Structure formats: structure tokens, C-alpha cells
Amino acid sequence: MGHQRRSKPQEQKRRLVLVGGGGQNHSILAVNPISFTLLLEACMQAMRHGSQQRQWHRRALWAATVGVLAGTAVLPLALQAQVATSNSVPALQTGAPPETPAQQLADKADLFMHYSLMGDQKLAGDFGLAILNASPTPVQALHAFESAANGRNIGEILLRNEQNHSLRAVSLKIAKLLEKGHIILARNPDRIRTAIAHMGDSPRAYVVSRHRLAAAGEFAMPFFMEDLNNPSDSALYPTIIQMMNNLGKPLLNPMVQAINTPNEAQRIQLINVLGNIGYRQALPYLKQIAESAGHDAQLRSAAEMAMAKIAGPSEIKMPASKLFVQLAWEYFTNAPSVAANHPAEATNPVWYYDSGLHNVVGVPVPTAIWSDVMTMRACEAALQLDHTNARAISLWLAADLRREVDLPAGASDPTHPAGTPDAHYYAVAAGPVYLNPVLQIALAQHDSPLILKTIAALQATGGVAGLVGKGEGQTPLMAALAYPDTQVRFAAASALAMANPEMKFDGAYRVTPVLGEAVAQTAKPAAILVDPNPQNRNRIKAFLRDHYTVYDAAHLSSAVALARRAPYVGLVVVPGGMSADHLIQLASTDFRLAYAPVLVTGDAVDLSKLALRYVGQVEFAPVAKTGNAGDFDTALGKIMNRLGISPVSADQAKAFSLEACSLLKSIAVNRGSIYDINTAIPALVQGIGNSDASVVIASAGVLGQVRNPEAQLALAKAALMDSSAPAATREALFLSLAASARNVGDHLSSGSIDRLIHVAASEPDLAVRSAAATALGALNVPSNQASELIRSQIH
């Protein structure tokens, strides 16, 4: 058997590139691995040469030296040993030409990737920061990493680093920089034009061009049109059409606008491409051509053939106006098939055909409103074909209102020129006929901001008929009374209270309790807690008490009974299974439970099963029964996010309370109101115990007008109980007690009357004493209180 002759040690020679500050090559040493003394001397010389450089350069040098000594180093390209052919050991060489900035950046990228793969987080982080501190442009950074990759997967390295706490931040910044570089490079006009110009040179050139044009995506379309409009490029036409077919869906948005070209031959070619791409998004545009008598038979035939490739006979028979509304709904609901091509980018283009340029033009709009703008455009196309299309009007209004909600702070909508009326203008002009469907859409989409804007427009223009209809069946505004968002419920109740209808309607019984709930916004909401295990129930109750008044029991029915006087229920915690199913049944009759967020408890291993079991209950979320306060907050947050509910601030809560009191007072004063003011008494009683004097005074004002002895007893208790309350508050309570006495007579006990006489006789504050005397007189008690008051002032 033969064998390979081992190389003699003196023949195993390497040269080590020593990198100093800024990535410059300071020294090159040819070294025999067994000559430790010589290598160490060279290493130290290089260290002295770079003594003012960064610590990470020195560490990189030492790492390289140790690896070379071992003969097994895996070095980055910037430090990689090169095999020498000389048998002698050359002397140390200096004065190598300095690297260009691009080479320096590539060296840093190389070292960043190397130490990331080697697991040296400190060095990887240092080189990552060095890259960012160099402030390269996105394209420069991309070129540096691509030139240094040497077979390494840049994306995988960055993704792995993002899982590492110490490298996450720097890797995310580098990834974002490189992604921006990809985008800039892919959409560079010269690069796109070059790819189009050379794609017919050879099969290989076509593949390369297709790769580049696919990266450009929809932004390649204007350049395709540019060449299609140029007769001198006619030899490229077939290749351009082939490339369009290959690129497919990303070209749809500009292409459906490009078919507005006056060039009939070009239109037919583009129509054929749309048919070959095969997405339903093109249907309304094709149908618009097919049903237009103004187009020639060949063009209409091409459109019909393209539609046949995309959809079935029943859909093809639909008029273009309805197809546009169908497309608009897909945009509005963010259907994946019509979603923006670049959802992670700040803007996405909305395409128009410019007849002056004979080309398509992309207008960048904030991505957050892109689907709203596209919905509006599809509705506008529908209305151009059928101005009576009510569905198109309502959907346009919904998208316009939502567009204002979705527009990021500080951003603008270039499709909405300055001076154009706002969405509210169009909404109030349209009126309730079109706004009620908008509200129905908003409720179904669980979009609280859109609901609130729609209710505001309805309230401004609806009137009784527009808000409640004929009182038969439920209108969207009535449905909003049971919506999970407090702000929505209050807005709906406020609108219905102000409308003051004469005839009862479905859900009228909910208006005053919801207004009462608004009064109670400044206090803790009720939480119903059910858990058969008393120890665990007490544990959960302990952290819920920070934010709720907790009514707890082992069984749901008992807990609900305890909370019967609570103005509103802000949370229900109930075990999954029979208890949660029972809650769903109770919610059909107890409207407080219909909108309360529900945390369904269970074993941690069963949470996925619970989520699946109650997937249809949007206000439900599973949580481990052994969870802590943070777990419960997280689960509740999921419900709030799902329903688009924003927390009510302290200022909002106070404003709700005061406005609700004003509306309730109007209802109480109106003896012919269809609304039952008595259902708001629990909330108003809670209101006169509030820490905010303005809420106390407003609540007392309502109770004074309520014709119910319960209201009088609550007022007397509040007025007589706390003599340390502010004088203005006590005065208001006594005056409200007087109003109650005028409305319902005297229902106080003799003990309360005696205390009232005492205040009226001896209270130091004259305003409070006068108010107490007014209440005493209004009660018209048989005792001779007048004589007592007269005698009390005799000295």
C-alpha cells in the first residue's frame, strides 16, 4: 500500500495578515508554526505597532495567533492565513497599501459574521457597532456583507444573533440597514432598465434579469410600459410580455391601471397577461371593458377570454359595479389576496394611469391607510358605473372615516389634497340611510374608533327615525348598546337619549343602565370571580382588588347575585366548561354580562383547548387558574386588542360621568320619557359617594329629580353623614334633597329629620344651613320645626 509523505514542519508555512485600526493591513508575517519565539515576537511587534488601536483588534490578533500556532485556526477572511511556498522565513514586511473604505467595511462585516458564528458575543458586538458607527449607506453596507459572505448565509447569521440578548439590538439594526439596501438596489431605475434591455440576450441573461425584476416587483411596471411605448424597442415586446407573465401577481396593481392606455394592441396584450396571471383582483377592470359598448369587439372579446381564465360563469355575469364593490370589501377587510405588496415598509404605492405620460405612476401613501385608499378607489369606480350603488356609498364612507383613524400621527395622505373636506363632512351629508350600514360594518369589524366616528355622524344627522327606525327590530345603534367597549356603549346611549323617541324600541331598556355605567366610570368597576377552590379564589381576589370591586363565590349564580346592585361589570373570571357555558346563557338576559370581558380559567396544559372551545366568543380569553396578576393582565389585554378597546383615562371617565348625569337629569325631568330612570339609581347612589365633588353634585342633581323614595334616602344619608365634606358639596346635597321632597314627599325616618333640624339650626356655614332649611321645609314634616329654628336663634 502506498502512503502520502508528510510535509516536513519547516515546509508548513503560513502568512498572517495583522489588522490594525480602521481595518488597515499593518504587517504581514510568514511564520513556521513550530517557531513559537519568532511568531510571538512578530505578534508583539504588530501589537506595539497598533498600540493605540481598539481592544477588539488586539483580541482578534491574539485569536488568530493562537489558531495559527495550533495549525487549526478557522480565521475570518480579513485575518486568514495564506499558504506560502518559500522554505525560508521572510523578515517582517510593513508598508502595505491602505485599504479603501469599502474594503475596511467589508473586513468589519467579515469579522462580525466570523465571531457571530464562533460564538464570541463581545467581538461580534464590537464589530457590529463598528459597522454602524461607520455610517455606511444601506447599499454600501449591503455590498460589504455580500463581498465578505464567502458562502456564509448573512440572513441566518443575523436571525440567530437576534435570538441572543447581547447581539439582538445591533443585529436588528444591521438587518434593517441591509433590507433597505436590498430595496434601494432592487428599485434603482438604471438597474431595472439594464435588466430589461439585456433580458433577451440569452437564456442565462433572461434568468438574471428575471431575478432582478422580481426583486423590483411592481416598481418595474413603469419601465416595461416605457419600452412598450417605444417603437425602437419593438424587438423586446415579446420578451417583455413573457417577463410580465413570469413575474405575475406583484404587477397586478399597476397593470390594471395600465390597461387604460389608448393603444389598443397594447391593451389586448396587457389584458391577456392579466388573464394568465389569474387573480380575481383583475375581474372588475376586465368586466368594465367587456360590458362597455364603446370598445371594439376584439378588445371586449379579449377581456371575456381573460375573465374566463379567472372566474366561473356566475361571477363573470355580475355587473362591473358589483364586482368593484366586491373588490372594495376585500381591500377593506385586508384579504391576503389583495394586501399591500410591502406591508413592512412605511409606504406602499397607489397606482394611477397618467394619460400625459402614457404610463402608470405610483403615489406612495402610508401603508397604514393603503387598504382604506384602495377601498375608496374601488368604490369610486363602482359609482362611476352605477351612481345608485348604496353599498358602494356606505363602504366608501366607512373607508374614509377609517382612513382618518389609521393615518399615522404627522403623516399625510397624498391622495387627499389639502382643502378637501374631511370624512365627517361626507358622513353627515350622506345621512343615516348610508351611515347605519357603516355602523353595522364597524360593529362587525370590532373597530371601536370607526364605530365612535360613525355614531358621532349619526347623532348629528339621524333624528329619531334615523337612529331607531320604526322601533321594530334592532338598528345598529341599538346593537352598539351591548358592545364590549365602554366608550361605544356610552356614545350609543347618549345618542339615543338625546333623540328622546316617543315610542319604545328594541333595547330601550338598556339606555339608562348604560348611562348609569358612564356615571360610575370614576369608581372601580365590578369583577365577578368564580372558583370552587377557596384558597385559589382568595389568591386571585387579592390582586383583582387593586382595580375592581370583587364579587366572588364558588358558583356563578351566587357571584352574579352578589353583584346585582353593581352599576356595571368590568370583568368576569370563570372556570372553563359548565360555568363558562352558563355565563353565555346568562348574558342573553343580563346585559351587564353581555359585554363584560371574560377570562376563562383552566389548567395551563388545557389553555389551547379552551381557546378553541370558545373561539367564537370574541370577549373570551383563556388564562391559567394558577396565573399571577401579570398573566391575567396579559389575557385581558388580548381581549382589549382584539376588540380595539382603548383604556378610559381619568379625564375621560370624569367627562363621561358629568355628561351622563346631564342626560339622565333630562330623562328624569321628562315625565313622559320612554326610558326608566330608576335603573340608573345604583350608579347615581355610587356617584354621590365619589371623591370628585363635581361628580357628587351632578349625581345628586339627578337623584333629586328621580321620583323614587330610594333616591331620597340616599341623598339624606349622604347629606347628613359627612359634616367634613366641602361646603359646596353639602349645600348641593341638601338642595337635591329638597328637590326630591318636592317630587315624592317625605320618606325619611324621624332620626333623619332630627339630624336635619340640627343642621338647619346650628350649622356654622350659612349656605349649608340655608340649604338644609330648604330641605326641611320641602319635606313638610308635621313636627314644629319652624318654632324650633326661631327659638334656636334667640340669645
# chains A, B, ... in the order shown; residues from 1 in each chain; ligands from 1
$ closest_atom_pairs --of "region 367-470 of chain A" --to "region 323-338 of chain A" --cutoff "12 Å" --atoms "only C-alpha atoms" --output "CSV"
residue,atom,partner,partner_atom,distance
A:Thr367,CA,A:Asn334,CA,11.9
A:Ala368,CA,A:Asn334,CA,11.2
A:Ile369,CA,A:Phe332,CA,10.2
A:Trp370,CA,A:Tyr331,CA,8.9
A:Ser371,CA,A:Tyr331,CA,5.3
A:Asp372,CA,A:Phe332,CA,6.2
A:Val373,CA,A:Tyr331,CA,8.9
A:Met374,CA,A:Tyr331,CA,6.4
A:Thr375,CA,A:Ala328,CA,4.5
A:Met376,CA,A:Ala328,CA,7.2
A:Arg377,CA,A:Ala328,CA,7.9
A:Ala378,CA,A:Ala328,CA,5.2
A:Cys379,CA,A:Val325,CA,5.8
A:Glu380,CA,A:Phe324,CA,8.7
A:Ala381,CA,A:Phe324,CA,6.7
A:Ala382,CA,A:Phe324,CA,5.4
A:Leu383,CA,A:Phe324,CA,9.1
A:Gln384,CA,A:Phe324,CA,10.4
A:Leu385,CA,A:Phe324,CA,9.6
A:Asp386,CA,A:Phe324,CA,10.6
A:Asn389,CA,A:Val325,CA,8.9
A:Ala390,CA,A:Val325,CA,10.1
A:Arg391,CA,A:Val325,CA,7.3
A:Ala392,CA,A:Val325,CA,5.8
A:Ile393,CA,A:Val325,CA,9.6
A:Ser394,CA,A:Val325,CA,10.4
A:Leu395,CA,A:Trp329,CA,7.6
A:Trp396,CA,A:Ala328,CA,8.6
A:Leu397,CA,A:Phe332,CA,11.4
A:Ala398,CA,A:Phe332,CA,8.8
A:Ala399,CA,A:Phe332,CA,7.0
A:Asp400,CA,A:Phe332,CA,10.7
A:Leu401,CA,A:Phe332,CA,11.9
A:Arg402,CA,A:Phe332,CA,9.6
A:Arg403,CA,A:Phe332,CA,10.5
A:Ile441,CA,A:Phe332,CA,10.2
A:Ala442,CA,A:Phe332,CA,10.9
A:Ala444,CA,A:Thr333,CA,10.8
A:Gln445,CA,A:Thr333,CA,8.2
A:His446,CA,A:Thr333,CA,11.6
A:Asp447,CA,A:Thr333,CA,11.4
$ select_by_dssp --residues "region 463-541 of chain A" --states "strand (DSSP E)" --output "list in words"
Ala526, Ala527, Ile528, Leu529 and Val530 of chain A
$ atom_distance --atom1 "CA of Leu117 (chain A)" --atom2 "CA of Glu156 (chain A)"
10.2 Å
$ residues_around --residues "Ala235 (chain A)" --least-positions-apart "2" --cutoff "12 Å" --atoms "only C-alpha atoms" --output "PyMOL selection string"
chain A and resi 196-201+227-228+230-233+237-241
$ closest_residue --among "A:Val208, A:Val560, A:Ala282, A:Tyr483" --to "Ala195 (chain A)" --atoms "only C-alpha atoms"
A:Val208
$ residues_around --residues "region 583-597 of chain A" --least-positions-apart "2" --cutoff "7 Å" --atoms "only C-alpha atoms" --output "list in words"
Ala482, Tyr483, Pro484, Tyr568, Val569, Gly570, Leu571, Val572, Ser579, Ala580, Asp581, Leu599, Glu619, Phe620 and Ile639 of chain A
$ write_last_selection --atoms "N, CA, C and O atoms" --output "PDB file, in the first residue's frame"
ATOM      1  N   ALA A 482     -74.775  47.107  23.477  1.00  0.00           N
ATOM      2  CA  ALA A 482     -74.221  45.902  24.103  1.00  0.00           C
ATOM      3  C   ALA A 482     -72.799  45.611  23.635  1.00  0.00           C
ATOM      4  O   ALA A 482     -72.294  44.518  23.843  1.00  0.00           O
ATOM      5  N   TYR A 483     -72.152  46.599  23.017  1.00  0.00           N
ATOM      6  CA  TYR A 483     -70.799  46.394  22.525  1.00  0.00           C
ATOM      7  C   TYR A 483     -69.816  46.359  23.701  1.00  0.00           C
ATOM      8  O   TYR A 483     -70.002  47.073  24.700  1.00  0.00           O
ATOM      9  N   PRO A 484     -68.753  45.541  23.643  1.00  0.00           N
ATOM     10  CA  PRO A 484     -67.840  45.409  24.787  1.00  0.00           C
ATOM     11  C   PRO A 484     -67.104  46.683  25.189  1.00  0.00           C
ATOM     12  O   PRO A 484     -66.667  46.793  26.332  1.00  0.00           O
ATOM     13  N   TYR A 568     -72.051  48.367  36.817  1.00  0.00           N
ATOM     14  CA  TYR A 568     -71.619  47.634  35.625  1.00  0.00           C
ATOM     15  C   TYR A 568     -70.517  46.653  35.984  1.00  0.00           C
ATOM     16  O   TYR A 568     -69.830  46.806  36.995  1.00  0.00           O
ATOM     17  N   VAL A 569     -70.393  45.642  35.162  1.00  0.00           N
ATOM     18  CA  VAL A 569     -69.412  44.584  35.382  1.00  0.00           C
ATOM     19  C   VAL A 569     -68.257  44.788  34.407  1.00  0.00           C
ATOM     20  O   VAL A 569     -68.456  44.767  33.186  1.00  0.00           O
ATOM     21  N   GLY A 570     -67.068  44.993  34.945  1.00  0.00           N
ATOM     22  CA  GLY A 570     -65.906  45.248  34.094  1.00  0.00           C
ATOM     23  C   GLY A 570     -65.088  44.018  33.783  1.00  0.00           C
ATOM     24  O   GLY A 570     -64.235  44.042  32.898  1.00  0.00           O
ATOM     25  N   LEU A 571     -65.353  42.884  34.494  1.00  0.00           N
ATOM     26  CA  LEU A 571     -64.573  41.671  34.265  1.00  0.00           C
ATOM     27  C   LEU A 571     -65.304  40.485  34.885  1.00  0.00           C
ATOM     28  O   LEU A 571     -65.904  40.617  35.956  1.00  0.00           O
ATOM     29  N   VAL A 572     -65.237  39.353  34.183  1.00  0.00           N
ATOM     30  CA  VAL A 572     -65.730  38.091  34.724  1.00  0.00           C
ATOM     31  C   VAL A 572     -64.601  37.084  34.647  1.00  0.00           C
ATOM     32  O   VAL A 572     -63.962  36.935  33.595  1.00  0.00           O
ATOM     33  N   SER A 579     -69.443  26.282  33.845  1.00  0.00           N
ATOM     34  CA  SER A 579     -69.622  27.641  34.354  1.00  0.00           C
ATOM     35  C   SER A 579     -69.566  28.665  33.228  1.00  0.00           C
ATOM     36  O   SER A 579     -70.382  29.589  33.155  1.00  0.00           O
ATOM     37  N   ALA A 580     -68.577  28.527  32.345  1.00  0.00           N
ATOM     38  CA  ALA A 580     -68.458  29.457  31.220  1.00  0.00           C
ATOM     39  C   ALA A 580     -69.647  29.320  30.275  1.00  0.00           C
ATOM     40  O   ALA A 580     -70.157  30.322  29.747  1.00  0.00           O
ATOM     41  N   ASP A 581     -70.101  28.092  30.053  1.00  0.00           N
ATOM     42  CA  ASP A 581     -71.275  27.882  29.195  1.00  0.00           C
ATOM     43  C   ASP A 581     -72.516  28.513  29.820  1.00  0.00           C
ATOM     44  O   ASP A 581     -73.360  29.095  29.125  1.00  0.00           O
ATOM     45  N   LEU A 599     -62.400  36.145  31.401  1.00  0.00           N
ATOM     46  CA  LEU A 599     -61.199  35.324  31.473  1.00  0.00           C
ATOM     47  C   LEU A 599     -61.623  33.921  31.900  1.00  0.00           C
ATOM     48  O   LEU A 599     -62.170  33.738  32.997  1.00  0.00           O
ATOM     49  N   GLU A 619     -65.054  38.047  23.240  1.00  0.00           N
ATOM     50  CA  GLU A 619     -64.725  38.701  24.506  1.00  0.00           C
ATOM     51  C   GLU A 619     -64.154  37.720  25.524  1.00  0.00           C
ATOM     52  O   GLU A 619     -63.948  38.075  26.683  1.00  0.00           O
ATOM     53  N   PHE A 620     -63.871  36.479  25.098  1.00  0.00           N
ATOM     54  CA  PHE A 620     -63.292  35.463  25.973  1.00  0.00           C
ATOM     55  C   PHE A 620     -61.797  35.322  25.712  1.00  0.00           C
ATOM     56  O   PHE A 620     -61.342  35.465  24.578  1.00  0.00           O
ATOM     57  N   ILE A 639     -57.933  40.495  24.848  1.00  0.00           N
ATOM     58  CA  ILE A 639     -59.334  40.801  24.540  1.00  0.00           C
ATOM     59  C   ILE A 639     -59.460  42.256  24.098  1.00  0.00           C
ATOM     60  O   ILE A 639     -60.130  42.554  23.098  1.00  0.00           O
TER      61      ILE A 639
END
$ decode --residues "region 298-333 of chain A" --atoms "N, CA, C and O atoms" --output "PDB file, in the first residue's frame"
ATOM      1  N   GLN A 298     -62.943  43.179 -30.660  1.00  0.00           N
ATOM      2  CA  GLN A 298     -61.727  42.432 -30.378  1.00  0.00           C
ATOM      3  C   GLN A 298     -61.267  42.663 -28.937  1.00  0.00           C
ATOM      4  O   GLN A 298     -60.861  41.717 -28.243  1.00  0.00           O
ATOM      5  N   LEU A 299     -61.365  43.910 -28.469  1.00  0.00           N
ATOM      6  CA  LEU A 299     -60.959  44.236 -27.100  1.00  0.00           C
ATOM      7  C   LEU A 299     -61.906  43.584 -26.096  1.00  0.00           C
ATOM      8  O   LEU A 299     -61.467  43.006 -25.096  1.00  0.00           O
ATOM      9  N   ARG A 300     -63.223  43.664 -26.386  1.00  0.00           N
ATOM     10  CA  ARG A 300     -64.193  43.054 -25.473  1.00  0.00           C
ATOM     11  C   ARG A 300     -64.015  41.539 -25.429  1.00  0.00           C
ATOM     12  O   ARG A 300     -64.125  40.910 -24.381  1.00  0.00           O
ATOM     13  N   SER A 301     -63.719  40.954 -26.568  1.00  0.00           N
ATOM     14  CA  SER A 301     -63.510  39.508 -26.634  1.00  0.00           C
ATOM     15  C   SER A 301     -62.285  39.100 -25.820  1.00  0.00           C
ATOM     16  O   SER A 301     -62.307  38.089 -25.101  1.00  0.00           O
ATOM     17  N   ALA A 302     -61.213  39.894 -25.896  1.00  0.00           N
ATOM     18  CA  ALA A 302     -60.005  39.604 -25.125  1.00  0.00           C
ATOM     19  C   ALA A 302     -60.303  39.664 -23.626  1.00  0.00           C
ATOM     20  O   ALA A 302     -59.834  38.823 -22.846  1.00  0.00           O
ATOM     21  N   ALA A 303     -61.110  40.659 -23.223  1.00  0.00           N
ATOM     22  CA  ALA A 303     -61.469  40.788 -21.804  1.00  0.00           C
ATOM     23  C   ALA A 303     -62.303  39.600 -21.346  1.00  0.00           C
ATOM     24  O   ALA A 303     -62.102  39.070 -20.244  1.00  0.00           O
ATOM     25  N   GLU A 304     -63.231  39.146 -22.193  1.00  0.00           N
ATOM     26  CA  GLU A 304     -64.076  37.998 -21.831  1.00  0.00           C
ATOM     27  C   GLU A 304     -63.243  36.724 -21.709  1.00  0.00           C
ATOM     28  O   GLU A 304     -63.458  35.902 -20.802  1.00  0.00           O
ATOM     29  N   MET A 305     -62.292  36.544 -22.609  1.00  0.00           N
ATOM     30  CA  MET A 305     -61.433  35.363 -22.563  1.00  0.00           C
ATOM     31  C   MET A 305     -60.554  35.388 -21.301  1.00  0.00           C
ATOM     32  O   MET A 305     -60.338  34.362 -20.656  1.00  0.00           O
ATOM     33  N   ALA A 306     -60.074  36.579 -20.953  1.00  0.00           N
ATOM     34  CA  ALA A 306     -59.250  36.701 -19.750  1.00  0.00           C
ATOM     35  C   ALA A 306     -60.076  36.387 -18.508  1.00  0.00           C
ATOM     36  O   ALA A 306     -59.611  35.699 -17.592  1.00  0.00           O
ATOM     37  N   MET A 307     -61.316  36.872 -18.460  1.00  0.00           N
ATOM     38  CA  MET A 307     -62.184  36.604 -17.302  1.00  0.00           C
ATOM     39  C   MET A 307     -62.468  35.116 -17.165  1.00  0.00           C
ATOM     40  O   MET A 307     -62.539  34.591 -16.053  1.00  0.00           O
ATOM     41  N   ALA A 308     -62.643  34.443 -18.301  1.00  0.00           N
ATOM     42  CA  ALA A 308     -62.935  33.010 -18.256  1.00  0.00           C
ATOM     43  C   ALA A 308     -61.798  32.217 -17.629  1.00  0.00           C
ATOM     44  O   ALA A 308     -62.018  31.127 -17.088  1.00  0.00           O
ATOM     45  N   LYS A 309     -60.576  32.753 -17.709  1.00  0.00           N
ATOM     46  CA  LYS A 309     -59.432  32.088 -17.079  1.00  0.00           C
ATOM     47  C   LYS A 309     -59.391  32.315 -15.564  1.00  0.00           C
ATOM     48  O   LYS A 309     -58.700  31.591 -14.844  1.00  0.00           O
ATOM     49  N   ILE A 310     -60.136  33.337 -15.105  1.00  0.00           N
ATOM     50  CA  ILE A 310     -60.021  33.754 -13.713  1.00  0.00           C
ATOM     51  C   ILE A 310     -61.169  33.261 -12.850  1.00  0.00           C
ATOM     52  O   ILE A 310     -60.965  32.843 -11.699  1.00  0.00           O
ATOM     53  N   ALA A 311     -62.403  33.290 -13.380  1.00  0.00           N
ATOM     54  CA  ALA A 311     -63.580  33.015 -12.544  1.00  0.00           C
ATOM     55  C   ALA A 311     -64.589  32.167 -13.297  1.00  0.00           C
ATOM     56  O   ALA A 311     -64.486  31.951 -14.507  1.00  0.00           O
ATOM     57  N   GLY A 312     -65.599  31.699 -12.545  1.00  0.00           N
ATOM     58  CA  GLY A 312     -66.661  30.887 -13.120  1.00  0.00           C
ATOM     59  C   GLY A 312     -67.739  31.731 -13.775  1.00  0.00           C
ATOM     60  O   GLY A 312     -67.771  32.960 -13.617  1.00  0.00           O
ATOM     61  N   PRO A 313     -68.680  31.096 -14.478  1.00  0.00           N
ATOM     62  CA  PRO A 313     -69.719  31.811 -15.232  1.00  0.00           C
ATOM     63  C   PRO A 313     -70.571  32.731 -14.366  1.00  0.00           C
ATOM     64  O   PRO A 313     -70.908  33.837 -14.788  1.00  0.00           O
ATOM     65  N   SER A 314     -70.945  32.295 -13.155  1.00  0.00           N
ATOM     66  CA  SER A 314     -71.843  33.115 -12.325  1.00  0.00           C
ATOM     67  C   SER A 314     -71.186  34.433 -11.932  1.00  0.00           C
ATOM     68  O   SER A 314     -71.840  35.478 -11.915  1.00  0.00           O
ATOM     69  N   GLU A 315     -69.907  34.389 -11.608  1.00  0.00           N
ATOM     70  CA  GLU A 315     -69.215  35.619 -11.208  1.00  0.00           C
ATOM     71  C   GLU A 315     -68.967  36.517 -12.414  1.00  0.00           C
ATOM     72  O   GLU A 315     -69.064  37.745 -12.315  1.00  0.00           O
ATOM     73  N   ILE A 316     -68.709  35.916 -13.552  1.00  0.00           N
ATOM     74  CA  ILE A 316     -68.470  36.696 -14.766  1.00  0.00           C
ATOM     75  C   ILE A 316     -69.722  37.463 -15.172  1.00  0.00           C
ATOM     76  O   ILE A 316     -69.652  38.559 -15.739  1.00  0.00           O
ATOM     77  N   LYS A 317     -70.899  36.907 -14.860  1.00  0.00           N
ATOM     78  CA  LYS A 317     -72.164  37.559 -15.237  1.00  0.00           C
ATOM     79  C   LYS A 317     -72.474  38.776 -14.370  1.00  0.00           C
ATOM     80  O   LYS A 317     -73.318  39.598 -14.726  1.00  0.00           O
ATOM     81  N   MET A 318     -71.815  38.908 -13.222  1.00  0.00           N
ATOM     82  CA  MET A 318     -72.075  40.055 -12.348  1.00  0.00           C
ATOM     83  C   MET A 318     -71.652  41.342 -13.029  1.00  0.00           C
ATOM     84  O   MET A 318     -70.632  41.381 -13.733  1.00  0.00           O
ATOM     85  N   PRO A 319     -72.420  42.431 -12.856  1.00  0.00           N
ATOM     86  CA  PRO A 319     -72.014  43.719 -13.448  1.00  0.00           C
ATOM     87  C   PRO A 319     -70.728  44.222 -12.822  1.00  0.00           C
ATOM     88  O   PRO A 319     -70.404  43.913 -11.663  1.00  0.00           O
ATOM     89  N   ALA A 320     -69.998  45.028 -13.569  1.00  0.00           N
ATOM     90  CA  ALA A 320     -68.707  45.524 -13.096  1.00  0.00           C
ATOM     91  C   ALA A 320     -68.847  46.319 -11.803  1.00  0.00           C
ATOM     92  O   ALA A 320     -67.980  46.260 -10.923  1.00  0.00           O
ATOM     93  N   SER A 321     -69.953  47.068 -11.658  1.00  0.00           N
ATOM     94  CA  SER A 321     -70.148  47.863 -10.454  1.00  0.00           C
ATOM     95  C   SER A 321     -70.157  46.980  -9.216  1.00  0.00           C
ATOM     96  O   SER A 321     -69.530  47.305  -8.197  1.00  0.00           O
ATOM     97  N   LYS A 322     -70.844  45.847  -9.260  1.00  0.00           N
ATOM     98  CA  LYS A 322     -70.889  44.938  -8.112  1.00  0.00           C
ATOM     99  C   LYS A 322     -69.539  44.270  -7.893  1.00  0.00           C
ATOM    100  O   LYS A 322     -69.129  44.036  -6.757  1.00  0.00           O
ATOM    101  N   LEU A 323     -68.851  43.970  -8.989  1.00  0.00           N
ATOM    102  CA  LEU A 323     -67.526  43.372  -8.851  1.00  0.00           C
ATOM    103  C   LEU A 323     -66.546  44.343  -8.186  1.00  0.00           C
ATOM    104  O   LEU A 323     -65.694  43.937  -7.396  1.00  0.00           O
ATOM    105  N   PHE A 324     -66.695  45.631  -8.496  1.00  0.00           N
ATOM    106  CA  PHE A 324     -65.836  46.627  -7.853  1.00  0.00           C
ATOM    107  C   PHE A 324     -66.135  46.712  -6.351  1.00  0.00           C
ATOM    108  O   PHE A 324     -65.215  46.855  -5.538  1.00  0.00           O
ATOM    109  N   VAL A 325     -67.411  46.627  -5.975  1.00  0.00           N
ATOM    110  CA  VAL A 325     -67.764  46.648  -4.563  1.00  0.00           C
ATOM    111  C   VAL A 325     -67.214  45.401  -3.872  1.00  0.00           C
ATOM    112  O   VAL A 325     -66.729  45.463  -2.733  1.00  0.00           O
ATOM    113  N   GLN A 326     -67.272  44.271  -4.562  1.00  0.00           N
ATOM    114  CA  GLN A 326     -66.712  43.028  -4.022  1.00  0.00           C
ATOM    115  C   GLN A 326     -65.209  43.184  -3.779  1.00  0.00           C
ATOM    116  O   GLN A 326     -64.677  42.771  -2.736  1.00  0.00           O
ATOM    117  N   LEU A 327     -64.525  43.795  -4.722  1.00  0.00           N
ATOM    118  CA  LEU A 327     -63.089  44.049  -4.577  1.00  0.00           C
ATOM    119  C   LEU A 327     -62.837  45.044  -3.436  1.00  0.00           C
ATOM    120  O   LEU A 327     -61.905  44.871  -2.647  1.00  0.00           O
ATOM    121  N   ALA A 328     -63.690  46.065  -3.344  1.00  0.00           N
ATOM    122  CA  ALA A 328     -63.541  47.057  -2.288  1.00  0.00           C
ATOM    123  C   ALA A 328     -63.661  46.410  -0.911  1.00  0.00           C
ATOM    124  O   ALA A 328     -62.912  46.746   0.009  1.00  0.00           O
ATOM    125  N   TRP A 329     -64.576  45.461  -0.769  1.00  0.00           N
ATOM    126  CA  TRP A 329     -64.747  44.776   0.511  1.00  0.00           C
ATOM    127  C   TRP A 329     -63.504  43.961   0.852  1.00  0.00           C
ATOM    128  O   TRP A 329     -63.092  43.896   2.010  1.00  0.00           O
ATOM    129  N   GLU A 330     -62.888  43.356  -0.150  1.00  0.00           N
ATOM    130  CA  GLU A 330     -61.664  42.592   0.094  1.00  0.00           C
ATOM    131  C   GLU A 330     -60.538  43.516   0.555  1.00  0.00           C
ATOM    132  O   GLU A 330     -59.764  43.170   1.455  1.00  0.00           O
ATOM    133  N   TYR A 331     -60.456  44.691  -0.057  1.00  0.00           N
ATOM    134  CA  TYR A 331     -59.467  45.671   0.409  1.00  0.00           C
ATOM    135  C   TYR A 331     -59.770  46.094   1.844  1.00  0.00           C
ATOM    136  O   TYR A 331     -58.872  46.174   2.692  1.00  0.00           O
ATOM    137  N   PHE A 332     -61.040  46.368   2.121  1.00  0.00           N
ATOM    138  CA  PHE A 332     -61.436  46.878   3.434  1.00  0.00           C
ATOM    139  C   PHE A 332     -61.138  45.866   4.542  1.00  0.00           C
ATOM    140  O   PHE A 332     -60.736  46.241   5.644  1.00  0.00           O
ATOM    141  N   THR A 333     -61.334  44.596   4.241  1.00  0.00           N
ATOM    142  CA  THR A 333     -61.109  43.551   5.238  1.00  0.00           C
ATOM    143  C   THR A 333     -59.696  42.987   5.187  1.00  0.00           C
ATOM    144  O   THR A 333     -59.392  41.983   5.829  1.00  0.00           O
TER     145      THR A 333
END
